[in-house]
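Asker: Provided below: upload38.cif, containing mmCIF, C-alpha atoms.
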data_protein
loop_
_atom_site.label_atom_id
_atom_site.label_comp_id
_atom_site.auth_asym_id
_atom_site.auth_seq_id
_atom_site.Cartn_x
_atom_site.Cartn_y
_atom_site.Cartn_z
CA MET A 25 78.04 82.88 155.47
CA ALA A 26 77.47 80.83 152.33
CA ASN A 27 78.22 82.78 149.19
CA LYS A 28 75.21 84.07 147.33
CA LYS A 29 74.98 83.57 143.60
CA MET A 30 73.69 85.74 140.77
CA ALA A 31 73.12 85.03 137.11
CA ILE A 32 72.44 87.73 134.53
CA ILE A 33 71.45 87.51 130.89
CA ALA A 34 72.73 90.63 129.09
CA THR A 35 70.89 91.11 125.81
CA LYS A 36 71.37 94.79 125.02
CA GLY A 37 74.30 96.58 123.43
CA ALA A 38 73.35 100.25 123.80
CA LEU A 39 75.34 102.48 126.14
CA ASP A 40 72.59 102.89 128.72
CA MET A 41 71.74 99.19 128.77
CA ALA A 42 75.39 98.15 128.96
CA TYR A 43 75.72 99.58 132.47
CA PRO A 44 73.19 97.63 134.58
CA PRO A 45 74.66 94.14 134.04
CA LEU A 46 78.24 95.33 134.58
CA ILE A 47 77.37 97.43 137.64
CA LEU A 48 75.40 94.62 139.27
CA ALA A 49 77.97 91.98 138.41
CA SER A 50 80.91 94.02 139.72
CA THR A 51 79.06 94.98 142.90
CA ALA A 52 77.87 91.44 143.63
CA ALA A 53 81.39 90.14 143.10
CA THR A 54 82.64 92.84 145.49
CA LEU A 55 80.17 91.52 148.07
CA GLY A 56 81.68 88.08 147.63
CA TRP A 57 78.93 86.62 145.46
CA GLU A 58 79.58 84.09 142.73
CA VAL A 59 78.44 85.71 139.48
CA GLN A 60 77.94 84.61 135.90
CA VAL A 61 76.84 86.84 133.04
CA PHE A 62 75.54 85.29 129.84
CA PHE A 63 75.87 87.64 126.86
CA THR A 64 73.52 87.03 123.98
CA PHE A 65 72.34 88.92 120.89
CA TYR A 66 73.33 92.61 121.21
CA GLY A 67 74.75 91.98 124.67
CA LEU A 68 77.74 90.41 122.88
CA GLN A 69 78.90 93.95 122.10
CA LEU A 70 79.94 94.24 125.76
CA LEU A 71 82.52 91.49 125.29
CA ARG A 72 84.27 93.09 122.34
CA LYS A 73 87.84 94.19 122.88
CA ASP A 74 86.94 97.62 121.54
CA LEU A 75 83.94 99.14 123.31
CA SER A 76 84.24 102.52 121.62
CA GLY A 77 81.40 101.70 119.19
CA ILE A 78 78.82 101.37 121.96
CA ALA A 79 76.37 104.21 121.49
CA ILE A 80 73.12 105.71 122.66
CA SER A 81 70.43 107.05 120.36
CA PRO A 82 67.92 109.81 121.08
CA LEU A 83 65.67 108.20 118.45
CA ALA A 84 62.66 106.34 119.86
CA ASN A 85 64.04 107.24 123.28
CA PRO A 86 61.60 109.92 124.51
CA ALA A 87 62.79 109.70 128.14
CA MET A 88 66.34 110.75 127.28
CA PRO A 89 66.96 114.22 128.74
CA MET A 90 67.98 116.66 126.01
CA PRO A 91 69.41 120.17 126.43
CA VAL A 92 66.58 121.47 124.24
CA PRO A 93 63.29 119.78 123.25
CA MET A 94 63.97 117.89 120.04
CA PRO A 95 61.40 116.74 117.49
CA VAL A 96 61.76 113.12 116.38
CA VAL A 97 62.55 114.26 112.84
CA VAL A 98 65.65 116.05 114.18
CA SER A 99 66.75 113.00 116.16
CA MET A 100 66.81 111.12 112.86
CA LEU A 101 69.36 113.39 111.23
CA PRO A 102 72.81 112.00 110.47
CA GLY A 103 75.26 112.57 113.31
CA MET A 104 72.62 112.87 116.04
CA GLU A 105 73.46 109.48 117.52
CA ALA A 106 77.17 110.26 117.60
CA MET A 107 76.43 113.62 119.18
CA ALA A 108 74.14 112.13 121.84
CA THR A 109 76.73 109.45 122.59
CA SER A 110 79.61 111.87 123.02
CA MET A 111 77.46 114.15 125.18
CA MET A 112 76.41 111.23 127.38
CA LYS A 113 79.98 109.96 127.73
CA ALA A 114 81.22 113.44 128.63
CA LYS A 115 78.49 113.79 131.24
CA MET A 116 79.28 110.38 132.70
CA LYS A 117 82.94 111.25 132.99
CA LYS A 118 82.12 114.55 134.69
CA LYS A 119 79.86 112.79 137.20
CA GLY A 120 82.46 110.17 138.07
CA VAL A 121 80.64 107.26 136.42
CA ALA A 122 83.08 104.45 135.70
CA SER A 123 83.69 103.55 132.05
CA LEU A 124 82.39 100.25 130.69
CA GLU A 125 85.99 99.08 130.29
CA GLU A 126 86.69 99.84 133.95
CA LEU A 127 83.60 97.99 135.19
CA ARG A 128 84.37 95.03 132.96
CA THR A 129 87.90 94.87 134.33
CA VAL A 130 86.57 94.98 137.90
CA CYS A 131 84.30 92.04 137.03
CA GLN A 132 87.11 90.00 135.53
CA GLU A 133 89.48 90.73 138.42
CA ALA A 134 86.75 89.60 140.83
CA ASP A 135 86.28 86.30 138.95
CA VAL A 136 82.89 87.08 137.43
CA LYS A 137 82.38 84.43 134.79
CA PHE A 138 81.51 85.83 131.36
CA ILE A 139 79.82 83.48 128.90
CA ALA A 140 79.29 84.39 125.26
CA CYS A 141 76.25 82.79 123.63
CA GLN A 142 77.76 80.58 120.95
CA MET A 143 74.61 80.61 118.82
CA THR A 144 74.57 84.41 118.51
CA VAL A 145 78.35 84.56 118.10
CA ASP A 146 77.83 82.37 115.01
CA LEU A 147 74.68 84.23 113.94
CA PHE A 148 76.48 87.58 113.81
CA GLU A 149 79.64 85.96 112.44
CA PHE A 150 81.86 87.22 115.23
CA SER A 151 85.32 85.77 115.61
CA LYS A 152 86.75 84.87 118.99
CA ASN A 153 89.43 87.44 118.20
CA ASP A 154 86.76 90.15 118.46
CA PHE A 155 86.26 89.37 122.11
CA ILE A 156 88.29 89.80 125.28
CA ASP A 157 90.21 86.84 126.66
CA GLY A 158 89.09 84.82 129.63
CA ILE A 159 85.50 84.20 128.57
CA ASP A 160 83.59 80.96 128.02
CA TYR A 161 81.39 80.04 125.07
CA GLY A 162 78.18 78.13 125.69
CA GLY A 163 74.45 77.90 125.31
CA ALA A 164 71.19 77.85 127.23
CA ALA A 165 72.03 74.64 129.08
CA THR A 166 75.27 76.19 130.35
CA PHE A 167 73.39 79.21 131.64
CA LEU A 168 70.55 77.23 133.22
CA LYS A 169 72.86 74.87 135.05
CA PHE A 170 74.21 77.79 137.07
CA ALA A 171 71.02 79.91 137.02
CA GLY A 172 69.08 77.11 138.71
CA GLU A 173 71.27 77.43 141.79
CA THR A 174 71.23 81.22 142.12
CA ASP A 175 69.67 83.62 144.62
CA VAL A 176 69.26 86.38 142.03
CA CYS A 177 68.60 85.85 138.33
CA LEU A 178 68.07 88.78 135.96
CA PHE A 179 67.28 89.32 132.30
CA ILE A 180 68.57 92.68 131.10
CA MET B 21 87.83 108.32 165.75
CA HIS B 22 91.06 106.38 165.37
CA TYR B 23 91.63 104.79 161.99
CA ASP B 24 94.40 102.75 160.40
CA LYS B 25 93.85 103.66 156.77
CA GLU B 26 91.92 106.17 154.71
CA PHE B 27 90.31 105.94 151.30
CA ASP B 28 89.01 108.98 149.45
CA ALA B 29 86.14 108.04 147.11
CA SER B 30 85.28 111.67 146.34
CA GLY B 31 83.98 112.14 142.81
CA LEU B 32 83.24 108.47 142.25
CA SER B 33 79.77 107.19 141.39
CA CYS B 34 78.08 103.86 142.00
CA PRO B 35 79.43 101.20 142.19
CA MET B 36 83.04 102.43 142.45
CA PRO B 37 82.97 103.74 146.05
CA ILE B 38 81.97 100.24 147.22
CA VAL B 39 84.25 98.37 144.80
CA LYS B 40 87.27 100.46 145.83
CA THR B 41 86.38 100.37 149.53
CA LYS B 42 86.50 96.59 149.29
CA LYS B 43 89.90 96.82 147.61
CA SER B 44 91.16 99.14 150.35
CA LEU B 45 90.11 96.60 152.98
CA THR B 46 91.92 93.67 151.37
CA ASP B 47 95.39 94.45 152.70
CA MET B 48 94.14 95.40 156.18
CA ALA B 49 94.15 93.14 159.23
CA PRO B 50 90.94 92.05 160.97
CA GLY B 51 89.90 94.64 163.55
CA GLN B 52 91.61 97.54 161.76
CA VAL B 53 89.52 100.59 160.90
CA LEU B 54 89.16 102.17 157.47
CA ARG B 55 87.94 105.75 157.04
CA VAL B 56 86.12 106.37 153.75
CA VAL B 57 85.15 109.76 152.37
CA ALA B 58 82.60 109.91 149.55
CA THR B 59 80.59 112.50 147.66
CA ASP B 60 78.02 110.09 146.19
CA PRO B 61 74.81 110.47 148.28
CA GLY B 62 73.91 106.88 147.34
CA SER B 63 76.92 105.67 149.27
CA VAL B 64 75.10 106.29 152.58
CA CYS B 65 72.72 103.39 151.94
CA ASP B 66 75.29 101.44 149.91
CA MET B 67 77.96 101.45 152.60
CA ALA B 68 75.48 100.15 155.19
CA ALA B 69 74.38 97.40 152.79
CA PHE B 70 78.01 96.57 151.95
CA ALA B 71 78.88 96.24 155.65
CA GLU B 72 75.88 94.05 156.34
CA SER B 73 76.55 91.84 153.33
CA THR B 74 80.23 91.35 154.01
CA GLY B 75 80.28 91.14 157.82
CA ASN B 76 82.47 94.24 158.22
CA THR B 77 81.19 96.64 160.89
CA LEU B 78 80.04 100.14 159.95
CA LEU B 79 81.13 102.00 163.09
CA SER B 80 79.77 105.33 161.95
CA SER B 81 78.23 107.11 159.00
CA ALA B 82 78.13 110.90 159.05
CA THR B 83 78.04 114.00 156.87
CA GLU B 84 80.96 116.42 157.19
CA ASN B 85 81.31 119.54 155.06
CA SER B 86 78.78 118.12 152.57
CA LYS B 87 80.83 114.91 152.22
CA PHE B 88 79.93 111.50 153.56
CA VAL B 89 82.35 109.95 156.04
CA PHE B 90 82.31 106.30 157.06
CA PHE B 91 84.33 104.24 159.53
CA LEU B 92 84.47 100.54 158.80
CA ARG B 93 86.02 97.90 161.02
CA LYS B 94 87.34 94.96 159.05
CA ALA B 95 85.82 91.62 160.03
#
Could you render the structure as structure tokens?
Answerer:
Amino acid sequence: MANKKMAIIATKGALDMAYPPLILASTAATLGWEVQVFFTFYGLQLLRKDLSGIAISPLANPAMPMPVPMPVVVSMLPGMEAMATSMMKAKMKKKGVASLEELRTVCQEADVKFIACQMTVDLFEFSKNDFIDGIDYGGAATFLKFAGETDVCLFI
Amino acid sequence: MHYDKEFDASGLSCPMPIVKTKKSLTDMAPGQVLRVVATDPGSVCDMAAFAESTGNTLLSSATENSKFVFFLRKA
């Protein structure tokens, strides 16, 4: 059985959007697939050593279930994002959802290749010290070289 | 059913039951049987897909006391 391959572009840095690339990458690697994830723009947040700043906002997010109906003007108030984030994290923990750190570690242990987009690293003035070890830095050509050979290719 | 090893995935959500089942299989010999218990209803479809994708045999998939119980034979 030849190994399947998957390439993912992770472009989002909000809590809800951080999960799909890490869940799919860790699962594919578990199935024996060769996986690369290219992190660009806000997706770079998922490579930071400290993931505690990753948040979810109820603002402009009408599908987010809330304990009580909440007018947009309330969602805008200071502290609402922090409250929504801590509520979501508590709920995830209660339901046995793995943390982002845990999923990322599973990926790295299973040899998922993480590539940070050099252009956006420079754009946002990140330092390599901000990011975890064991990642590559590259651009579109790096991604496309692998993506062109894959069975599954996703933009998240 | 006879089994050589057991892994309890109770309380874990996708994708951890599959990720940790794979880890449980790594130190087993081909032909040995792993019993997995899970509470994630998604694991019923996921375990079948995992077995098919990895060549391990899903000997049985059943519900016992509102938990999901799987027997996997390592390829």
Asker: Using only C-alpha atoms, find the residues of chain A whose closest atom to chain B is at most 6 Å away, then write them as a list in words.
Answerer: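 Every residue of chain A that passes the 6 Å test is in Thr54, Leu55, Gly120 and Val121 of chain A.
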Asker: Written as JSON, numbers by chain, which residues does the PyMOL selection byres ((chain A and resi 143) around 9) give for the file shown?
Answerer: {"A": [64, 65, 140, 141, 142, 144, 145, 146, 147, 148, 162, 163]}
Asker: Please write the residues from the selection above to a file, keeping C-alpha atoms, as an mmCIF file, keeping the file's coordinate frame.
Answerer:
data_model
loop_
_atom_site.group_PDB
_atom_site.id
_atom_site.type_symbol
_atom_site.label_atom_id
_atom_site.label_comp_id
_atom_site.auth_asym_id
_atom_site.auth_seq_id
_atom_site.Cartn_x
_atom_site.Cartn_y
_atom_site.Cartn_z
ATOM 1 C CA THR A 64 73.520 87.030 123.980
ATOM 2 C CA PHE A 65 72.340 88.920 120.890
ATOM 3 C CA ALA A 140 79.290 84.390 125.260
ATOM 4 C CA CYS A 141 76.250 82.790 123.630
ATOM 5 C CA GLN A 142 77.760 80.580 120.950
ATOM 6 C CA THR A 144 74.570 84.410 118.510
ATOM 7 C CA VAL A 145 78.350 84.560 118.100
ATOM 8 C CA ASP A 146 77.830 82.370 115.010
ATOM 9 C CA LEU A 147 74.680 84.230 113.940
ATOM 10 C CA PHE A 148 76.480 87.580 113.810
ATOM 11 C CA GLY A 162 78.180 78.130 125.690
ATOM 12 C CA GLY A 163 74.450 77.900 125.310
#
Asker: I'd like the residues picked by the PyMOL selection byres ((chain A and resi 165-167) around 9) written out as a PyMOL selection string, using the chain letters and numbers from the file.
Answerer: chain A and resi 31+33+60-62+139+161-164+168-172
Asker: Neighbours of A:Gly158 within 9 Å (all atoms listed in the file; same-chain residues fewer than 3 positions away dropped), as number ranges by chain?
Answerer: A: 132, 137-138
Asker: For the residues selected in the previous step, produce a file with C-alpha atoms as an mmCIF file, in the frame of the given file.
Answerer:
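This is the output file again.cif:
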data_model
loop_
_atom_site.group_PDB
_atom_site.id
_atom_site.type_symbol
_atom_site.label_atom_id
_atom_site.label_comp_id
_atom_site.auth_asym_id
_atom_site.auth_seq_id
_atom_site.Cartn_x
_atom_site.Cartn_y
_atom_site.Cartn_z
ATOM 1 C CA GLN A 132 87.110 90.000 135.530
ATOM 2 C CA LYS A 137 82.380 84.430 134.790
ATOM 3 C CA PHE A 138 81.510 85.830 131.360
#
Asker: Got a sec: who's within 9 Å of B:Phe27, counting only C-alpha atoms, leaving out chain neighbours fewer than 4 positions off, as a VMD selection string?
Answerer: chain B and resid 40 to 41 44 54 to 58
Asker: Give me the result of the PyMOL selection byres ((chain A and resi 58) around 10) on this file, residue by residue, as a PDB file with C-alpha atoms, in the coordinates of the input.
Answerer:
ATOM      1  CA  ASN A  27      78.220  82.780 149.190  1.00  0.00           C
ATOM      2  CA  LYS A  28      75.210  84.070 147.330  1.00  0.00           C
ATOM      3  CA  LYS A  29      74.980  83.570 143.600  1.00  0.00           C
ATOM      4  CA  MET A  30      73.690  85.740 140.770  1.00  0.00           C
ATOM      5  CA  ALA A  31      73.120  85.030 137.110  1.00  0.00           C
ATOM      6  CA  ALA A  49      77.970  91.980 138.410  1.00  0.00           C
ATOM      7  CA  ALA A  52      77.870  91.440 143.630  1.00  0.00           C
ATOM      8  CA  ALA A  53      81.390  90.140 143.100  1.00  0.00           C
ATOM      9  CA  THR A  54      82.640  92.840 145.490  1.00  0.00           C
ATOM     10  CA  LEU A  55      80.170  91.520 148.070  1.00  0.00           C
ATOM     11  CA  GLY A  56      81.680  88.080 147.630  1.00  0.00           C
ATOM     12  CA  TRP A  57      78.930  86.620 145.460  1.00  0.00           C
ATOM     13  CA  VAL A  59      78.440  85.710 139.480  1.00  0.00           C
ATOM     14  CA  GLN A  60      77.940  84.610 135.900  1.00  0.00           C
ATOM     15  CA  ALA A 134      86.750  89.600 140.830  1.00  0.00           C
ATOM     16  CA  ASP A 135      86.280  86.300 138.950  1.00  0.00           C
ATOM     17  CA  VAL A 136      82.890  87.080 137.430  1.00  0.00           C
ATOM     18  CA  LYS A 137      82.380  84.430 134.790  1.00  0.00           C
ATOM     19  CA  THR A 174      71.230  81.220 142.120  1.00  0.00           C
TER      20      THR A 174
END
Asker: If you count only C-alpha atoms, which residues fall within 12 Å of A:Asn153, apart from same-chain ones fewer than 5 positions away, as a ChimeraX atom specification?
Answerer: /A:71-74,145,158-159
Asker: Please compute the atom CA of A:Ala108-atom CA of A:Tyr43 distance, one decimal, in Å.
Answerer: 16.5 Å
Asker: From the set A:Val176, A:Val92, A:Leu70, A:Ala106, which residue has the shortest atom-to-atom contact distance to A:Glu125, counting only C-alpha atoms?
Answerer: A:Leu70
Asker: Compare B:Thr59, B:Asp66, B:Met48, B:Asp24 by their minimum atom-to-atom distance to B:Ser86, counting all atoms listed in the file, and give me the closest one.
Answerer: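 For B:Ser86, the nearest of the given residues is B:Thr59.
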Asker: What gap, in Å, lies between atom CA of A:Leu46 and atom CA of B:Lys87?
Answerer: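 Those two atoms sit 26.5 Å apart.
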Asker: Within 10 Å of A:Ala42, counting all atoms listed in the file, which residues show up once you throw out same-chain ones fewer than 5 positions away? Write them as a list in words, please.
Answerer: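 Near neighbours after the sequence-gap exclusion: Ala34, Thr35, Lys36, Gly37, Ile47, Tyr66, Gly67, Gln69, Leu70, Ile78, Ala79, Leu124 and Ile180 of chain A.
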Asker: Can you spit out the residues from that selection as a PDB file, keeping the file's coordinate frame, using C-alpha atoms?
Answerer:
ATOM      1  CA  ALA A  34      72.730  90.630 129.090  1.00  0.00           C
ATOM      2  CA  THR A  35      70.890  91.110 125.810  1.00  0.00           C
ATOM      3  CA  LYS A  36      71.370  94.790 125.020  1.00  0.00           C
ATOM      4  CA  GLY A  37      74.300  96.580 123.430  1.00  0.00           C
ATOM      5  CA  ILE A  47      77.370  97.430 137.640  1.00  0.00           C
ATOM      6  CA  TYR A  66      73.330  92.610 121.210  1.00  0.00           C
ATOM      7  CA  GLY A  67      74.750  91.980 124.670  1.00  0.00           C
ATOM      8  CA  GLN A  69      78.900  93.950 122.100  1.00  0.00           C
ATOM      9  CA  LEU A  70      79.940  94.240 125.760  1.00  0.00           C
ATOM     10  CA  ILE A  78      78.820 101.370 121.960  1.00  0.00           C
ATOM     11  CA  ALA A  79      76.370 104.210 121.490  1.00  0.00           C
ATOM     12  CA  LEU A 124      82.390 100.250 130.690  1.00  0.00           C
ATOM     13  CA  ILE A 180      68.570  92.680 131.100  1.00  0.00           C
TER      14      ILE A 180
END
Asker: Please measure the separation of atom CA of A:Leu48 and atom CA of B:Phe90, giving the value in Å to one decimal.
Answerer: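 Separation between atom CA of A:Leu48 and atom CA of B:Phe90: 22.4 Å.
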Asker: Kindly indicate which residue among B:Gln52, B:Asn85, B:Ser63, B:Asn76 lies nearest to B:Tyr23, using all atoms listed in the file for the distances.
Answerer: B:Gln52
Asker: From the set B:Thr46, B:Glu26, B:Phe88, B:Gly51, which residue has the shortest atom-to-atom contact distance to B:Cys65, counting only C-alpha atoms?
Answerer: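 Of B:Thr46, B:Glu26, B:Phe88, B:Gly51, the one nearest B:Cys65 is B:Phe88, counting only C-alpha atoms.
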Asker: So that all listed atoms of stretch 126-140 of chain A fit with 3 Å spare on each side, what axis-aligned box centre and edge lengths in Å, to one decimal, would you give as lines of an AutoDock Vina configuration file?
Answerer:
center_x = 84.4
center_y = 91.7
center_z = 133.0
size_x = 16.2
size_y = 22.4
size_z = 21.6
Asker: Could you tell me which of A:Leu68, A:Ser99, A:Met116, A:Asp154 comes closest to A:Asp40 if we count only C-alpha atoms?
Answerer: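 Closest residue, counting only C-alpha atoms: A:Met116.
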Asker: Tell me which residues come within 6 Å of (90.3, 91.5, 159.1), as a list in words, counting only C-alpha atoms in the file's coordinates.
Answerer: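 The requested residues, written out, are Ala49, Pro50, Gly51, Lys94 and Ala95 of chain B.
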Asker: Should you be able to, write stretch 47-77 of chain B of this structure into a file that contains N, CA and C atoms, as an mmCIF file, in the first residue's frame.
Answerer:
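Okay, this is what ended up in selection_24.cif:
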data_model
loop_
_atom_site.group_PDB
_atom_site.id
_atom_site.type_symbol
_atom_site.label_atom_id
_atom_site.label_comp_id
_atom_site.auth_asym_id
_atom_site.auth_seq_id
_atom_site.Cartn_x
_atom_site.Cartn_y
_atom_site.Cartn_z
ATOM 1 N N ASP B 47 3.406 -1.487 19.797
ATOM 2 C CA ASP B 47 4.285 -2.460 20.451
ATOM 3 C C ASP B 47 3.680 -3.866 20.462
ATOM 4 N N MET B 48 2.658 -4.081 19.649
ATOM 5 C CA MET B 48 2.044 -5.421 19.572
ATOM 6 C C MET B 48 2.592 -6.189 18.370
ATOM 7 N N ALA B 49 2.502 -7.499 18.439
ATOM 8 C CA ALA B 49 2.997 -8.333 17.337
ATOM 9 C C ALA B 49 1.875 -8.562 16.326
ATOM 10 N N PRO B 50 2.230 -8.758 15.059
ATOM 11 C CA PRO B 50 1.215 -9.055 14.048
ATOM 12 C C PRO B 50 0.370 -10.263 14.476
ATOM 13 N N GLY B 51 -0.945 -10.126 14.296
ATOM 14 C CA GLY B 51 -1.847 -11.219 14.662
ATOM 15 C C GLY B 51 -2.446 -11.061 16.052
ATOM 16 N N GLN B 52 -1.802 -10.229 16.888
ATOM 17 C CA GLN B 52 -2.346 -10.012 18.240
ATOM 18 C C GLN B 52 -3.606 -9.143 18.171
ATOM 19 N N VAL B 53 -4.437 -9.278 19.194
ATOM 20 C CA VAL B 53 -5.726 -8.582 19.195
ATOM 21 C C VAL B 53 -5.764 -7.494 20.275
ATOM 22 N N LEU B 54 -6.224 -6.329 19.871
ATOM 23 C CA LEU B 54 -6.372 -5.192 20.788
ATOM 24 C C LEU B 54 -7.858 -4.943 21.015
ATOM 25 N N ARG B 55 -8.236 -4.805 22.286
ATOM 26 C CA ARG B 55 -9.618 -4.432 22.611
ATOM 27 C C ARG B 55 -9.628 -2.947 22.941
ATOM 28 N N VAL B 56 -10.503 -2.192 22.277
ATOM 29 C CA VAL B 56 -10.607 -0.752 22.513
ATOM 30 C C VAL B 56 -12.015 -0.431 23.001
ATOM 31 N N VAL B 57 -12.075 0.369 24.067
ATOM 32 C CA VAL B 57 -13.363 0.840 24.562
ATOM 33 C C VAL B 57 -13.411 2.350 24.371
ATOM 34 N N ALA B 58 -14.500 2.848 23.797
ATOM 35 C CA ALA B 58 -14.619 4.285 23.542
ATOM 36 C C ALA B 58 -16.009 4.780 23.893
ATOM 37 N N THR B 59 -16.099 6.084 24.168
ATOM 38 C CA THR B 59 -17.412 6.685 24.427
ATOM 39 C C THR B 59 -17.808 7.646 23.314
ATOM 40 N N ASP B 60 -16.888 7.933 22.406
ATOM 41 C CA ASP B 60 -17.163 8.846 21.293
ATOM 42 C C ASP B 60 -17.963 8.102 20.212
ATOM 43 N N PRO B 61 -19.239 8.496 19.983
ATOM 44 C CA PRO B 61 -20.052 7.789 18.983
ATOM 45 C C PRO B 61 -19.425 7.823 17.583
ATOM 46 N N GLY B 62 -18.619 8.866 17.317
ATOM 47 C CA GLY B 62 -17.956 8.961 16.012
ATOM 48 C C GLY B 62 -16.929 7.862 15.806
ATOM 49 N N SER B 63 -16.505 7.249 16.895
ATOM 50 C CA SER B 63 -15.455 6.233 16.775
ATOM 51 C C SER B 63 -15.950 4.969 16.073
ATOM 52 N N VAL B 64 -17.287 4.787 15.999
ATOM 53 C CA VAL B 64 -17.821 3.601 15.310
ATOM 54 C C VAL B 64 -17.423 3.642 13.830
ATOM 55 N N CYS B 65 -17.672 4.763 13.191
ATOM 56 C CA CYS B 65 -17.277 4.909 11.780
ATOM 57 C C CYS B 65 -15.759 5.055 11.668
ATOM 58 N N ASP B 66 -15.175 5.809 12.613
ATOM 59 C CA ASP B 66 -13.735 6.097 12.532
ATOM 60 C C ASP B 66 -12.882 4.840 12.668
ATOM 61 N N MET B 67 -13.282 3.943 13.554
ATOM 62 C CA MET B 67 -12.477 2.745 13.775
ATOM 63 C C MET B 67 -12.512 1.846 12.534
ATOM 64 N N ALA B 68 -13.684 1.783 11.885
ATOM 65 C CA ALA B 68 -13.803 0.995 10.651
ATOM 66 C C ALA B 68 -12.918 1.604 9.560
ATOM 67 N N ALA B 69 -12.933 2.940 9.459
ATOM 68 C CA ALA B 69 -12.114 3.615 8.448
ATOM 69 C C ALA B 69 -10.632 3.462 8.757
ATOM 70 N N PHE B 70 -10.294 3.536 10.044
ATOM 71 C CA PHE B 70 -8.893 3.361 10.464
ATOM 72 C C PHE B 70 -8.401 1.971 10.069
ATOM 73 N N ALA B 71 -9.228 0.948 10.358
ATOM 74 C CA ALA B 71 -8.835 -0.432 10.050
ATOM 75 C C ALA B 71 -8.634 -0.593 8.545
ATOM 76 N N GLU B 72 -9.575 -0.054 7.787
ATOM 77 C CA GLU B 72 -9.487 -0.209 6.330
ATOM 78 C C GLU B 72 -8.270 0.524 5.769
ATOM 79 N N SER B 73 -7.975 1.676 6.333
ATOM 80 C CA SER B 73 -6.851 2.476 5.826
ATOM 81 C C SER B 73 -5.496 1.896 6.198
ATOM 82 N N THR B 74 -5.447 1.186 7.320
ATOM 83 C CA THR B 74 -4.142 0.747 7.812
ATOM 84 C C THR B 74 -3.897 -0.745 7.604
ATOM 85 N N GLY B 75 -4.935 -1.484 7.162
ATOM 86 C CA GLY B 75 -4.752 -2.912 6.907
ATOM 87 C C GLY B 75 -4.948 -3.782 8.132
ATOM 88 N N ASN B 76 -5.189 -3.154 9.309
ATOM 89 C CA ASN B 76 -5.523 -3.936 10.497
ATOM 90 C C ASN B 76 -6.972 -4.419 10.347
ATOM 91 N N THR B 77 -7.289 -5.556 10.972
ATOM 92 C CA THR B 77 -8.636 -6.120 10.795
ATOM 93 C C THR B 77 -9.528 -5.756 11.971
#
